[in-house]
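Heads up, input-v4.cif below (mmCIF, C-alpha atoms and all ligand atoms):
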```
data_query
#
loop_
_atom_site.label_atom_id
_atom_site.label_comp_id
_atom_site.auth_asym_id
_atom_site.auth_seq_id
_atom_site.Cartn_x
_atom_site.Cartn_y
_atom_site.Cartn_z
CA MET Y 1 -27.28 -19.69 -39.07
CA GLY Y 2 -28.30 -16.19 -38.08
CA GLU Y 3 -29.37 -16.98 -34.44
CA GLU Y 4 -28.45 -13.97 -32.27
CA ILE Y 5 -25.75 -15.08 -29.77
CA LYS Y 6 -25.85 -13.43 -26.32
CA LYS Y 7 -22.28 -14.20 -25.23
CA GLY Y 8 -22.02 -14.55 -21.45
CA LEU Y 9 -25.85 -14.51 -21.39
CA MET Y 10 -25.41 -10.71 -21.29
CA GLY Y 11 -28.78 -9.04 -20.61
CA VAL Y 12 -30.64 -12.37 -20.85
CA THR Y 13 -33.38 -13.08 -18.28
CA VAL Y 14 -33.45 -16.88 -17.83
CA ASP Y 15 -35.73 -17.36 -14.81
CA GLU Y 16 -37.54 -15.67 -11.93
CA THR Y 17 -36.38 -15.37 -8.31
CA SER Y 18 -37.91 -14.01 -5.10
CA ILE Y 19 -34.63 -13.94 -3.16
CA SER Y 20 -33.00 -10.64 -4.11
CA LYS Y 21 -33.25 -7.75 -6.52
CA VAL Y 22 -31.28 -4.57 -7.24
CA MET Y 23 -34.03 -1.92 -6.93
CA PRO Y 24 -33.01 1.13 -9.06
CA GLU Y 25 -35.76 3.27 -7.43
CA ILE Y 26 -33.88 3.07 -4.11
CA ASN Y 27 -30.48 2.32 -5.77
CA SER Y 28 -30.10 -0.64 -3.49
CA LEU Y 29 -29.68 -4.36 -3.48
CA THR Y 30 -32.59 -5.87 -1.54
CA TYR Y 31 -32.84 -9.31 0.10
CA ARG Y 32 -36.47 -10.51 0.20
CA GLY Y 33 -37.50 -6.84 -0.10
CA TYR Y 34 -35.21 -5.38 2.59
CA ALA Y 35 -32.45 -2.95 1.49
CA ALA Y 36 -28.98 -4.37 2.22
CA GLN Y 37 -27.87 -1.08 3.77
CA ASP Y 38 -30.87 -1.15 6.12
CA LEU Y 39 -30.04 -4.71 7.12
CA CYS Y 40 -26.39 -3.71 7.78
CA ALA Y 41 -27.53 -0.90 10.06
CA LYS Y 42 -30.13 -2.85 12.05
CA CYS Y 43 -29.24 -6.56 11.94
CA LYS Y 44 -26.41 -8.94 12.60
CA PHE Y 45 -25.38 -11.45 9.93
CA GLU Y 46 -27.28 -14.37 11.50
CA GLU Y 47 -30.57 -12.46 11.12
CA VAL Y 48 -29.83 -11.87 7.43
CA ALA Y 49 -28.77 -15.49 6.90
CA TYR Y 50 -32.14 -16.53 8.36
CA LEU Y 51 -33.94 -14.01 6.12
CA ILE Y 52 -32.27 -15.27 2.93
CA LEU Y 53 -32.86 -18.93 3.79
CA ASN Y 54 -36.40 -18.62 5.19
CA GLY Y 55 -37.88 -15.57 3.43
CA ASP Y 56 -38.56 -13.37 6.50
CA LEU Y 57 -36.54 -11.72 9.27
CA PRO Y 58 -36.60 -13.82 12.45
CA ASN Y 59 -38.23 -12.70 15.70
CA SER Y 60 -36.16 -13.19 18.89
CA LYS Y 61 -37.41 -16.73 19.43
CA GLU Y 62 -36.71 -17.78 15.84
CA LEU Y 63 -33.27 -16.14 15.92
CA LYS Y 64 -32.37 -17.93 19.15
CA LYS Y 65 -33.35 -21.29 17.61
CA PHE Y 66 -31.42 -20.54 14.39
CA GLU Y 67 -28.29 -19.52 16.30
CA LYS Y 68 -28.54 -22.61 18.51
CA GLU Y 69 -28.68 -24.86 15.44
CA GLU Y 70 -25.86 -23.03 13.65
CA ARG Y 71 -23.64 -23.35 16.72
CA LYS Y 72 -24.53 -26.99 17.31
CA GLU Y 73 -23.57 -27.95 13.74
CA ARG Y 74 -20.09 -26.33 13.93
CA LYS Y 75 -18.56 -29.69 14.88
CA LEU Y 76 -16.48 -31.39 12.16
CA SER Y 77 -16.19 -35.18 11.83
CA LYS Y 78 -12.85 -36.77 12.78
CA SER Y 79 -12.40 -37.92 9.18
CA LEU Y 80 -12.91 -34.41 7.78
CA ILE Y 81 -10.38 -33.04 10.23
CA SER Y 82 -7.89 -35.74 9.25
CA ILE Y 83 -8.47 -35.01 5.55
CA ILE Y 84 -7.82 -31.29 6.14
CA LYS Y 85 -4.63 -32.26 7.96
CA GLN Y 86 -3.48 -34.17 4.87
CA MET Y 87 -4.18 -31.33 2.42
CA PRO Y 88 -0.97 -29.83 0.96
CA LYS Y 89 -0.09 -26.69 2.98
CA LYS Y 90 0.28 -24.72 -0.26
CA SER Y 91 -3.30 -25.51 -1.34
CA HIS Y 92 -5.41 -22.45 -2.12
CA PRO Y 93 -8.03 -22.11 0.66
CA MET Y 94 -10.77 -21.93 -2.02
CA ASP Y 95 -9.76 -25.45 -3.08
CA VAL Y 96 -9.78 -26.49 0.58
CA ALA Y 97 -13.31 -25.07 0.93
CA ARG Y 98 -14.58 -26.86 -2.19
CA THR Y 99 -13.00 -30.15 -1.06
CA ALA Y 100 -14.30 -29.86 2.51
CA VAL Y 101 -17.87 -29.32 1.23
CA SER Y 102 -17.45 -32.37 -1.00
CA VAL Y 103 -16.42 -34.48 1.99
CA MET Y 104 -19.38 -33.13 3.98
CA GLY Y 105 -21.54 -34.44 1.13
CA LEU Y 106 -20.02 -37.91 1.46
CA GLU Y 107 -20.82 -37.89 5.18
CA ASP Y 108 -24.24 -36.23 5.17
CA LYS Y 109 -27.00 -38.75 5.93
CA GLU Y 110 -29.52 -36.82 3.82
CA THR Y 111 -27.40 -36.43 0.66
CA THR Y 112 -29.97 -38.09 -1.59
CA ASP Y 113 -32.94 -36.17 -0.17
CA ASN Y 114 -33.61 -33.02 -2.26
CA SER Y 115 -36.78 -32.05 -0.40
CA PRO Y 116 -36.96 -28.39 0.73
CA LYS Y 117 -36.74 -29.35 4.42
CA ALA Y 118 -33.78 -31.72 3.92
CA ASN Y 119 -32.00 -29.14 1.74
CA LEU Y 120 -32.53 -26.52 4.43
CA ARG Y 121 -31.05 -28.84 7.06
CA LYS Y 122 -28.10 -29.69 4.78
CA SER Y 123 -27.48 -26.01 3.97
CA MET Y 124 -27.32 -25.25 7.72
CA ARG Y 125 -24.69 -27.97 8.15
CA ILE Y 126 -22.63 -26.61 5.23
CA PHE Y 127 -23.11 -23.05 6.53
CA SER Y 128 -21.95 -23.99 10.03
CA LYS Y 129 -19.07 -26.29 9.14
CA THR Y 130 -17.34 -24.52 6.25
CA PRO Y 131 -15.92 -21.68 8.40
CA VAL Y 132 -14.63 -24.28 10.88
CA ALA Y 133 -12.94 -26.28 8.11
CA LEU Y 134 -11.37 -23.12 6.66
CA ALA Y 135 -10.13 -21.87 10.03
CA ALA Y 136 -8.62 -25.30 10.76
CA PHE Y 137 -6.64 -25.08 7.51
CA TYR Y 138 -5.69 -21.47 8.33
CA ARG Y 139 -4.01 -22.67 11.52
CA LEU Y 140 -2.55 -25.93 10.20
CA ARG Y 141 -0.72 -24.32 7.28
CA LYS Y 142 1.00 -22.00 9.77
CA GLY Y 143 2.07 -25.01 11.83
CA LYS Y 144 -0.37 -24.06 14.59
CA LYS Y 145 -2.87 -26.18 16.49
CA ILE Y 146 -6.51 -26.13 15.39
CA ILE Y 147 -8.72 -23.95 17.63
CA SER Y 148 -12.17 -25.47 18.21
CA PRO Y 149 -15.33 -23.40 17.64
CA LYS Y 150 -16.90 -21.78 20.69
CA LYS Y 151 -20.69 -22.05 21.05
CA LYS Y 152 -20.99 -18.82 22.99
CA LEU Y 153 -19.55 -16.77 20.11
CA SER Y 154 -21.50 -15.34 17.18
CA PHE Y 155 -20.78 -16.53 13.61
CA ALA Y 156 -18.40 -13.58 13.02
CA GLU Y 157 -16.73 -13.66 16.46
CA ASN Y 158 -16.20 -17.41 16.17
CA PHE Y 159 -14.34 -17.07 12.85
CA PHE Y 160 -11.86 -14.62 14.40
CA HIS Y 161 -11.54 -16.88 17.45
CA MET Y 162 -10.78 -20.00 15.36
CA CYS Y 163 -8.29 -18.18 13.09
CA PHE Y 164 -6.48 -15.93 15.58
CA GLY Y 165 -7.34 -17.33 19.02
CA LYS Y 166 -9.01 -14.08 20.01
CA VAL Y 167 -11.99 -11.90 19.18
CA PRO Y 168 -11.19 -8.28 18.16
CA ASN Y 169 -13.07 -5.23 19.45
CA LYS Y 170 -16.78 -4.94 18.69
CA ASP Y 171 -16.28 -2.34 15.91
CA ILE Y 172 -14.00 -4.69 13.97
CA VAL Y 173 -16.51 -7.53 14.47
CA LYS Y 174 -19.32 -5.25 13.26
CA ALA Y 175 -17.33 -4.34 10.13
CA PHE Y 176 -16.78 -8.06 9.45
CA ASP Y 177 -20.47 -8.76 10.05
CA VAL Y 178 -21.41 -5.98 7.60
CA SER Y 179 -19.11 -7.49 4.95
CA LEU Y 180 -20.84 -10.87 5.43
CA ILE Y 181 -24.27 -9.24 5.00
CA LEU Y 182 -23.14 -7.45 1.82
CA TYR Y 183 -21.59 -10.63 0.39
CA ALA Y 184 -24.51 -12.93 1.20
CA GLU Y 185 -26.57 -12.81 -2.00
CA HIS Y 186 -26.65 -11.19 -5.41
CA SER Y 187 -29.20 -12.85 -7.70
CA PHE Y 188 -27.90 -14.76 -10.79
CA ASN Y 189 -24.17 -14.01 -10.48
CA VAL Y 190 -21.96 -16.63 -12.09
CA SER Y 191 -21.42 -18.79 -8.98
CA THR Y 192 -25.11 -18.76 -8.07
CA PHE Y 193 -26.09 -19.56 -11.65
CA THR Y 194 -23.52 -22.38 -11.58
CA ALA Y 195 -25.24 -23.76 -8.47
CA ARG Y 196 -28.65 -23.47 -10.15
CA THR Y 197 -27.40 -25.16 -13.33
CA ILE Y 198 -26.01 -28.11 -11.34
CA THR Y 199 -29.28 -28.29 -9.37
CA SER Y 200 -31.37 -28.25 -12.56
CA SER Y 201 -30.35 -31.87 -13.30
CA LEU Y 202 -31.69 -32.69 -9.78
CA SER Y 203 -28.18 -33.21 -8.45
CA ASP Y 204 -27.50 -32.57 -4.74
CA ILE Y 205 -26.77 -29.39 -2.75
CA HIS Y 206 -23.22 -30.39 -1.79
CA GLY Y 207 -22.30 -30.82 -5.47
CA ALA Y 208 -23.99 -27.54 -6.40
CA ILE Y 209 -22.15 -25.61 -3.68
CA THR Y 210 -18.86 -27.31 -4.58
CA GLY Y 211 -19.33 -26.06 -8.14
CA ALA Y 212 -20.29 -22.58 -6.91
CA ILE Y 213 -17.11 -22.33 -4.82
CA ALA Y 214 -15.03 -23.31 -7.87
CA SER Y 215 -16.75 -20.55 -9.84
CA LEU Y 216 -16.38 -17.91 -7.12
CA LYS Y 217 -12.62 -18.52 -7.03
CA GLY Y 218 -12.19 -16.90 -10.45
CA PRO Y 219 -10.61 -13.40 -10.45
CA LEU Y 220 -13.46 -12.01 -12.56
CA HIS Y 221 -15.82 -12.96 -9.70
CA GLY Y 222 -15.13 -13.46 -6.00
CA GLY Y 223 -11.39 -13.90 -6.51
CA ALA Y 224 -11.24 -10.16 -7.28
CA ASN Y 225 -11.02 -9.18 -3.58
CA GLU Y 226 -7.72 -11.10 -3.35
CA GLU Y 227 -6.48 -9.49 -6.59
CA VAL Y 228 -7.35 -6.02 -5.23
CA MET Y 229 -4.93 -6.62 -2.35
CA HIS Y 230 -2.19 -7.83 -4.72
CA MET Y 231 -2.70 -4.59 -6.69
CA MET Y 232 -2.47 -2.47 -3.54
CA ASN Y 233 0.67 -4.29 -2.43
CA LYS Y 234 2.24 -3.65 -5.86
CA ILE Y 235 1.37 0.07 -5.56
CA LYS Y 236 2.91 0.02 -2.05
CA LYS Y 237 2.59 3.76 -1.28
CA PRO Y 238 -0.08 6.43 -2.02
CA GLU Y 239 2.52 8.50 -3.94
CA ASN Y 240 2.87 5.62 -6.44
CA ALA Y 241 -0.87 5.19 -7.02
CA LEU Y 242 -1.49 7.80 -9.74
CA ASN Y 243 1.33 6.54 -11.95
CA TRP Y 244 0.46 2.92 -11.34
CA ILE Y 245 -3.19 3.20 -12.33
CA ASN Y 246 -2.45 5.40 -15.36
CA ASN Y 247 0.11 2.82 -16.56
CA ALA Y 248 -2.41 0.04 -16.02
CA LEU Y 249 -5.01 1.86 -18.10
CA ASN Y 250 -2.47 2.67 -20.83
CA LYS Y 251 -1.74 -1.07 -20.99
CA LYS Y 252 -5.50 -1.72 -21.21
CA ALA Y 253 -5.22 -3.89 -18.06
CA VAL Y 254 -8.33 -5.14 -16.27
CA VAL Y 255 -8.30 -3.34 -12.89
CA MET Y 256 -9.58 -5.71 -10.22
CA GLY Y 257 -12.36 -4.53 -7.93
CA PHE Y 258 -13.87 -2.36 -10.66
CA GLY Y 259 -16.75 -2.80 -13.06
CA HIS Y 260 -19.82 -5.00 -12.86
CA ARG Y 261 -22.14 -6.78 -15.26
CA VAL Y 262 -25.29 -5.38 -13.65
CA TYR Y 263 -24.28 -2.15 -11.92
CA LYS Y 264 -23.11 0.30 -14.55
CA SER Y 265 -23.05 3.42 -12.37
CA GLY Y 266 -21.76 1.99 -9.11
CA ASP Y 267 -22.32 -1.08 -6.95
CA SER Y 268 -24.90 -0.15 -4.29
CA ARG Y 269 -22.96 -2.12 -1.66
CA VAL Y 270 -19.79 -0.05 -1.99
CA PRO Y 271 -20.73 3.08 0.02
CA THR Y 272 -21.56 0.98 3.09
CA MET Y 273 -18.44 -1.20 2.81
CA ARG Y 274 -16.29 1.88 2.14
CA GLU Y 275 -17.60 3.44 5.37
CA TYR Y 276 -16.62 0.36 7.40
CA PHE Y 277 -13.26 0.13 5.62
CA GLY Y 278 -12.65 3.68 6.91
CA LYS Y 279 -13.67 2.70 10.44
CA VAL Y 280 -11.26 -0.27 10.43
CA ALA Y 281 -8.46 1.90 8.98
CA LYS Y 282 -9.03 4.37 11.83
CA ILE Y 283 -8.99 1.66 14.52
CA THR Y 284 -5.87 0.01 13.07
CA LYS Y 285 -4.27 3.44 12.48
CA ASP Y 286 -3.30 2.43 8.93
CA LYS Y 287 -4.56 5.01 6.45
CA LYS Y 288 -2.16 4.07 3.63
CA PHE Y 289 -4.55 1.74 1.83
CA GLU Y 290 -7.41 4.21 2.13
CA LYS Y 291 -5.32 6.85 0.34
CA ILE Y 292 -4.39 4.38 -2.42
CA TYR Y 293 -8.08 3.35 -2.62
CA ASP Y 294 -9.28 6.91 -3.19
CA ILE Y 295 -6.63 7.81 -5.79
CA VAL Y 296 -7.25 4.67 -7.90
CA GLU Y 297 -11.05 5.02 -7.62
CA LYS Y 298 -10.93 8.67 -8.78
CA VAL Y 299 -8.88 7.84 -11.88
CA MET Y 300 -11.10 4.85 -12.81
CA ILE Y 301 -14.25 6.97 -12.56
CA ASP Y 302 -12.83 10.14 -14.17
CA LYS Y 303 -10.98 8.38 -17.01
CA LYS Y 304 -13.07 5.27 -17.70
CA ASN Y 305 -16.34 5.94 -15.89
CA ILE Y 306 -15.87 2.49 -14.32
CA HIS Y 307 -16.97 2.29 -10.69
CA PRO Y 308 -15.73 0.06 -7.86
CA ASN Y 309 -17.63 -3.12 -6.94
CA VAL Y 310 -17.94 -4.64 -3.47
CA ASP Y 311 -14.63 -6.51 -3.79
CA TYR Y 312 -12.70 -3.24 -3.93
CA PRO Y 313 -13.30 -2.12 -0.29
CA THR Y 314 -13.50 -5.60 1.22
CA GLY Y 315 -9.97 -6.56 0.12
CA PRO Y 316 -8.05 -3.95 2.14
CA THR Y 317 -10.53 -4.23 5.01
CA TYR Y 318 -9.79 -7.94 5.45
CA HIS Y 319 -6.07 -7.19 5.20
CA LEU Y 320 -6.34 -4.65 8.04
CA MET Y 321 -8.25 -7.26 10.08
CA GLY Y 322 -5.21 -9.51 9.79
CA PHE Y 323 -6.43 -12.18 7.36
CA ASP Y 324 -4.02 -13.70 4.81
CA THR Y 325 -4.83 -12.39 1.31
CA ASP Y 326 -5.79 -15.81 -0.06
CA PHE Y 327 -8.41 -16.06 2.70
CA PHE Y 328 -10.40 -13.09 1.41
CA THR Y 329 -12.46 -15.07 -1.11
CA PRO Y 330 -13.10 -17.91 1.36
CA ILE Y 331 -14.71 -15.26 3.59
CA PHE Y 332 -16.95 -14.44 0.62
CA VAL Y 333 -17.79 -18.20 0.52
CA ILE Y 334 -18.86 -18.50 4.17
CA SER Y 335 -21.32 -15.67 3.57
CA ARG Y 336 -22.55 -16.62 0.08
CA ILE Y 337 -23.41 -20.19 1.16
CA THR Y 338 -26.67 -18.62 2.36
CA GLY Y 339 -27.53 -17.13 -1.05
CA TRP Y 340 -26.43 -20.23 -2.94
CA SER Y 341 -28.54 -22.47 -0.67
CA ALA Y 342 -31.64 -20.32 -1.09
CA HIS Y 343 -31.24 -20.42 -4.89
CA ILE Y 344 -30.71 -24.19 -4.89
CA ILE Y 345 -33.92 -24.66 -2.90
CA GLU Y 346 -35.75 -22.21 -5.21
CA GLN Y 347 -34.45 -23.99 -8.33
CA HIS Y 348 -35.83 -27.29 -7.05
CA SER Y 349 -39.20 -25.69 -6.40
CA THR Y 350 -39.72 -24.56 -10.02
CA ASN Y 351 -37.13 -26.66 -11.82
CA LYS Y 352 -36.55 -26.88 -15.59
CA LEU Y 353 -33.32 -28.47 -16.81
CA ILE Y 354 -30.94 -25.66 -17.86
CA ARG Y 355 -29.70 -26.51 -21.36
CA PRO Y 356 -29.02 -23.59 -23.77
CA LEU Y 357 -28.27 -23.88 -27.48
CA ALA Y 358 -25.02 -23.27 -29.37
CA ALA Y 359 -24.49 -21.85 -32.89
CA TYR Y 360 -22.24 -24.41 -34.65
CA ASN Y 361 -19.20 -23.06 -36.54
CA GLY Y 362 -17.20 -26.30 -37.00
CA SER Y 363 -16.57 -28.59 -40.02
CA GLN Y 364 -19.45 -29.50 -42.34
CA HIS Y 365 -20.37 -33.17 -42.76
CA ARG Y 366 -17.51 -35.30 -44.15
CA GLN Y 367 -16.81 -39.05 -44.70
CA VAL Y 368 -14.49 -40.99 -42.32
CA GLN Y 369 -11.28 -42.21 -44.04
CA SER Y 370 -9.98 -45.52 -42.63
CA LEU Y 371 -6.70 -45.26 -40.72
CA LYS Y 372 -4.53 -46.70 -43.53
CA ASP Y 373 -5.80 -43.93 -45.88
CA ARG Y 374 -5.33 -41.02 -43.45
C1 LIG D 401 -18.40 -9.88 -8.25
O1 LIG D 401 -22.48 -10.68 -10.88
C2 LIG D 401 -22.37 -10.39 -9.66
O2 LIG D 401 -23.29 -9.95 -9.01
C3 LIG D 401 -21.00 -10.60 -9.04
C4 LIG D 401 -20.84 -10.07 -7.65
C5 LIG D 401 -21.65 -10.85 -6.64
O3 LIG D 401 -22.01 -10.28 -5.60
O4 LIG D 401 -21.87 -12.06 -6.86
O5 LIG D 401 -21.26 -8.71 -7.62
C6 LIG D 401 -19.40 -10.14 -7.17
O6 LIG D 401 -17.97 -10.79 -8.88
C7 LIG D 401 -18.03 -8.44 -8.59
C8 LIG D 401 -17.05 -8.34 -9.80
C9 LIG D 401 -15.63 -8.69 -9.33
N1 LIG D 401 -14.74 -8.74 -10.51
C10 LIG D 401 -13.76 -7.83 -10.73
O7 LIG D 401 -13.58 -6.83 -10.02
C11 LIG D 401 -12.90 -8.12 -11.94
C12 LIG D 401 -12.72 -6.86 -12.80
N2 LIG D 401 -14.01 -6.55 -13.45
C13 LIG D 401 -14.10 -6.88 -14.87
O8 LIG D 401 -13.52 -8.10 -15.21
C14 LIG D 401 -15.55 -6.70 -15.36
O9 LIG D 401 -16.01 -5.48 -14.91
C15 LIG D 401 -16.60 -7.77 -15.04
C16 LIG D 401 -16.18 -9.10 -15.50
C17 LIG D 401 -16.91 -7.77 -13.58
C18 LIG D 401 -17.89 -7.39 -15.77
O10 LIG D 401 -17.55 -7.24 -17.06
P1 LIG D 401 -18.63 -7.37 -18.28
O11 LIG D 401 -19.99 -7.05 -17.80
O12 LIG D 401 -18.43 -8.70 -18.93
O13 LIG D 401 -18.21 -6.22 -19.22
P2 LIG D 401 -16.89 -6.17 -20.08
O14 LIG D 401 -15.78 -6.99 -19.45
O15 LIG D 401 -17.27 -6.51 -21.48
O16 LIG D 401 -16.45 -4.63 -19.94
C19 LIG D 401 -17.09 -3.63 -20.73
C20 LIG D 401 -16.00 -2.61 -21.04
C21 LIG D 401 -14.77 -3.27 -21.69
O17 LIG D 401 -14.15 -2.27 -22.47
P3 LIG D 401 -14.28 -2.37 -24.10
O18 LIG D 401 -13.70 -3.74 -24.47
O19 LIG D 401 -15.78 -2.28 -24.38
O20 LIG D 401 -13.47 -1.22 -24.60
O21 LIG D 401 -15.50 -2.02 -19.81
C22 LIG D 401 -14.13 -2.39 -19.65
C23 LIG D 401 -13.86 -3.58 -20.56
O22 LIG D 401 -12.49 -3.57 -20.94
N3 LIG D 401 -13.96 -2.82 -18.26
C24 LIG D 401 -12.82 -2.69 -17.57
C25 LIG D 401 -13.10 -3.22 -16.30
N4 LIG D 401 -14.37 -3.66 -16.26
C26 LIG D 401 -14.90 -3.41 -17.48
N5 LIG D 401 -11.62 -2.15 -17.91
C27 LIG D 401 -10.68 -2.18 -16.95
N6 LIG D 401 -10.86 -2.69 -15.70
C28 LIG D 401 -12.06 -3.20 -15.36
N7 LIG D 401 -12.24 -3.69 -14.12
#
```

Can I see the file as C-alpha cells?
Amino acid sequence: MGEEIKKGLMGVTVDETSISKVMPEINSLTYRGYAAQDLCAKCKFEEVAYLILNGDLPNSKELKKFEKEERKERKLSKSLISIIKQMPKKSHPMDVARTAVSVMGLEDKETTDNSPKANLRKSMRIFSKTPVALAAFYRLRKGKKIISPKKKLSFAENFFHMCFGKVPNKDIVKAFDVSLILYAEHSFNVSTFTARTITSSLSDIHGAITGAIASLKGPLHGGANEEVMHMMNKIKKPENALNWINNALNKKAVVMGFGHRVYKSGDSRVPTMREYFGKVAKITKDKKFEKIYDIVEKVMIDKKNIHPNVDYPTGPTYHLMGFDTDFFTPIFVISRITGWSAHIIEQHSTNKLIRPLAAYNGSQHRQVQSLKDR
C-alpha cells in the first residue's frame, strides 16, 4: 500500500505532443504554435483543419487540394444512408454520430492499415462524412427529406445547407466557423485521451474515434454545451437569473459551462467565442440569452471564482443559429475529429501501450468453498 493515487490523472503528464499547447505567456491555446484567436481572425476552419492534421498552415494550392478532397469525400454509401434511416428517431445524435463512424469503419477499404498516410486518408473520410450523416439524421427525425451536400459550399456553409436547406448570412457562417476552430483541438482532454488509449493497443482509427465520440457525449465534457442551453431555458428570463444561480450554488449544484481541469483562471477560448455570441445575438435581435449569460457568469466568478469554459458561449450561440439543442455536441464532434485524428496518428508514431496501475482495496486471499458448503 501507500502508492500515491492521482484520481482522474489530475496533474499527471503521461506523454508528449506537438499538436497543441495552452501557452500561459500569451494566455492562449495554440495549435502547432499558432494562437487560436489569431487563427480565428485570419483563417477559415478548413485552413485550421489542415494545420492540425498536417502540422503547417496550407498555402493556396494546398488549401485548394484539401478542400477538393474534403468535398469529394462528402458522399455517403447507400447502406450507411439506409442504416441512418432505420435509426430510432428519438436516438441522441451523439449516438447516431458514433454509430455512423462505426459503419464507415466497416466500409473503409483501408481499415486494417494503420500507416500514417492511410490514417490521414481515413481521417479525411471520417471528417467529410460525419457532418453529412448527422445532417441526414437531423432532417429524417423531423420527417423531412435528406438534403445532399453541395460541393461548391465550404465545410461550415454546407452543414447549414444540409440541415436547413439554406446558408445564413456570412457573419453567422463566420461565427460558426470560429466555433469550429475553437473546438478543434485541446491536448489530452478526456475524449482525445480515450482515442489515444484505444490507439495504444494498435486498434484502428474508426474504433478510436467511436470511443472518443462516446466520451465527448458526457455532460462533464462536450455534452456541457447542451446542458448550458437546458440551464438557460430553465432560467427563461434575465430577471430570474440571479435567483436561479444563487439557488444552484446553495444546493452545491455543478453549473454546466463553468470550470475546467486545466484553465483555472479562465478558458482562453471564451473571449473570442463570447464576442461572436454577441454578434449572432445582434443579428438575430435576441439579447435575452446574452443578459442571462452575463448575470450567471458574474455570480460564478464573484462567488466561486469559477470561470466559464468554451461550452458556455457556444451553447446559446448554436441555439440562436437555429440548431436543436441535442445537436450542439455533435457540432463539437465534426470539429474535434481533426484533433482526435492528429492525436491518433501521433500516438501510432511513438506508441507505448497505455496501461496504468490500480491500488487494490478488495478482499484478501481466501479459500473457495464448494457450492454445497456456501
Ligand atoms: C470541456 O479538458 C478539456 O480540455 C475539455 C475541453 C476540450 O476542449 O476538450 O476544454 C472541453 O469539456 C470543457 C468542460 C465542460 N464541462 C462542464 O462545463 C461541466 C461543469 N464543469 C465541472 O464538472 C468541472 O469544472 C470539470 C469537470 C470541467 C473540471 O473539474 P475538475 O478539474 O475535476 O475539478 P473538480 O470537479 O474537482 O472541481 C474543483 C472544485 C470542486 O469544489 P470542492 O469539491 O473542491 O469544494 O470546484 C468546484 C467543484 O465542486 N467546481 C464547480 C464547477 N466546476 C468545479 N462547482 C460548480 N460548478 C462547476 N461547474

- Message: So that I can check the surroundings of range 248-262 of chain Y, please list as a ChimeraX atom specification every protein, DNA and RNA residue that reaches within 6 Å of it, counting all atoms listed in the file and ignoring chain neighbours fewer than 6 positions away.
- Response: /Y:224,228,306-309,311-312

Write a file of the selected residues as a short mmCIF file (atom, residue, chain, number, x, y, z; two decimals), in the frame of the given file, keeping C-alpha atoms.
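Writing done, so here's out-v4.cif:
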```
data_model
loop_
_atom_site.label_atom_id
_atom_site.label_comp_id
_atom_site.auth_asym_id
_atom_site.auth_seq_id
_atom_site.Cartn_x
_atom_site.Cartn_y
_atom_site.Cartn_z
CA ALA Y 224 -11.24 -10.16 -7.28
CA VAL Y 228 -7.35 -6.02 -5.23
CA ILE Y 306 -15.87 2.49 -14.32
CA HIS Y 307 -16.97 2.29 -10.69
CA PRO Y 308 -15.73 0.06 -7.86
CA ASN Y 309 -17.63 -3.12 -6.94
CA ASP Y 311 -14.63 -6.51 -3.79
CA TYR Y 312 -12.70 -3.24 -3.93
#
```

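The smallest atom-to-atom distance between Val178 in chain Y and any of Y:Glu70, Y:Asp38, Y:Asp302, Y:Asp15, using all atoms listed in the file, is found for Y:Asp38.
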
- Calculate how many Å separate CA of Thr325 in chain Y from CA of His221 in chain Y, rounding to one decimal.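 Taking CA of Thr325 in chain Y and CA of His221 in chain Y, their separation equals 15.6 Å.
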
- Item | Of the listed residues Y:Lys217, Y:Met321, Y:Leu80, Y:Ser200, that which approaches Arg355 in chain Y most closely, counting only C-alpha atoms | Y:Ser200

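Pairwise distance (CA of Thr194 in chain Y, CA of Met104 in chain Y) equals 19.4 Å.
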
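For range 210-216 of chain Y, the non-local neighbours within 6 Å, defined as residues at least 3 positions apart in the same chain or in other chains and counting only C-alpha atoms, are Y:Arg98, Y:Ser191, Y:Thr194, Y:Ala195, Y:Gly207, Y:His221, Y:Gly222.
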
- Message: Quick one: residues within 10 Å of range 125-127 of chain Y, only C-alpha atoms, excluding same-chain residues fewer than 4 positions away - as an MDAnalysis selection string?
- Response: chainID Y and resid 49 69:76 100:102 104:105 108 119:121 131:132 155 205:206 209 333:338 341

- Would you mind listing what lies within 12 Å of Ser115 in chain Y as a list in words, with only C-alpha atoms counted and same-chain residues fewer than 3 positions away left out?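 Answer for this query is Glu110, Thr111, Thr112, Ala118, Asn119, Leu120, Arg121, Lys122, Ser123, Leu202, Ser203, Asp204, Ile205, Ile344, Ile345, Glu346, Gln347, His348 and Ser349 of chain Y.
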
- Query: What separation in Å, quoted to one decimal, exists between CA of Arg32 in chain Y and CA of Ile19 in chain Y?
  - Reply: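 Going from CA of Arg32 in chain Y over to CA of Ile19 in chain Y, I get 5.1 Å.
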
- Choose the residue, out of Y:Ser179, Y:Ser18, Y:Leu357, Y:Met23, that has the smallest atom-to-atom separation from Lys6 in chain Y; count only C-alpha atoms.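 Closest to Lys6 in chain Y, using only C-alpha atoms: Y:Leu357.
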
- Item | Residues within 12 Å of (-18.8, -17.9, 21.0), file coords, only C-alpha atoms, listed as a PyMOL selection string | chain Y and resi 67-68+70-72+74+148-162+165-167

- Query: With all atoms listed in the file as the atoms that count, which of Y:Lys174, Y:Lys236, Y:Lys61, Y:Lys372 lies nearest to Tyr276 in chain Y?
  - Reply: Y:Lys174

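Of the residues listed (Y:Tyr293, Y:Phe327, Y:Phe332, Y:Phe164), Y:Phe332 shows the shortest atom-to-atom separation from ligand LIG 401 (chain D); distances use all atoms listed in the file.
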
- Message: Measuring between all atoms listed in the file, which one of Y:Leu320, Y:Lys352, Y:Met10, Y:Leu57 shows the shortest distance to ligand LIG 401 (chain D)?
- Response: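 Among the listed residues, the smallest separation from ligand LIG 401 (chain D) belongs to Y:Met10.
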
- Message: So that I can check the surroundings of Asp326 in chain Y, please list as number ranges by chain every protein, DNA and RNA residue that reaches within 9 Å of it, counting only C-alpha atoms and ignoring chain neighbours fewer than 2 positions away.
- Response: Y: 92-94, 223, 226, 323-324, 328-330

Box for ligand LIG 401 (chain D) - axis-aligned, 8 Å on each of the six sides, all listed atoms - centre and size in Å to one decimal, as lines of an AutoDock Vina configuration file.
```
center_x = -17.0
center_y = -6.6
center_z = -15.1
size_x = 28.6
size_y = 26.8
size_z = 35.0
```
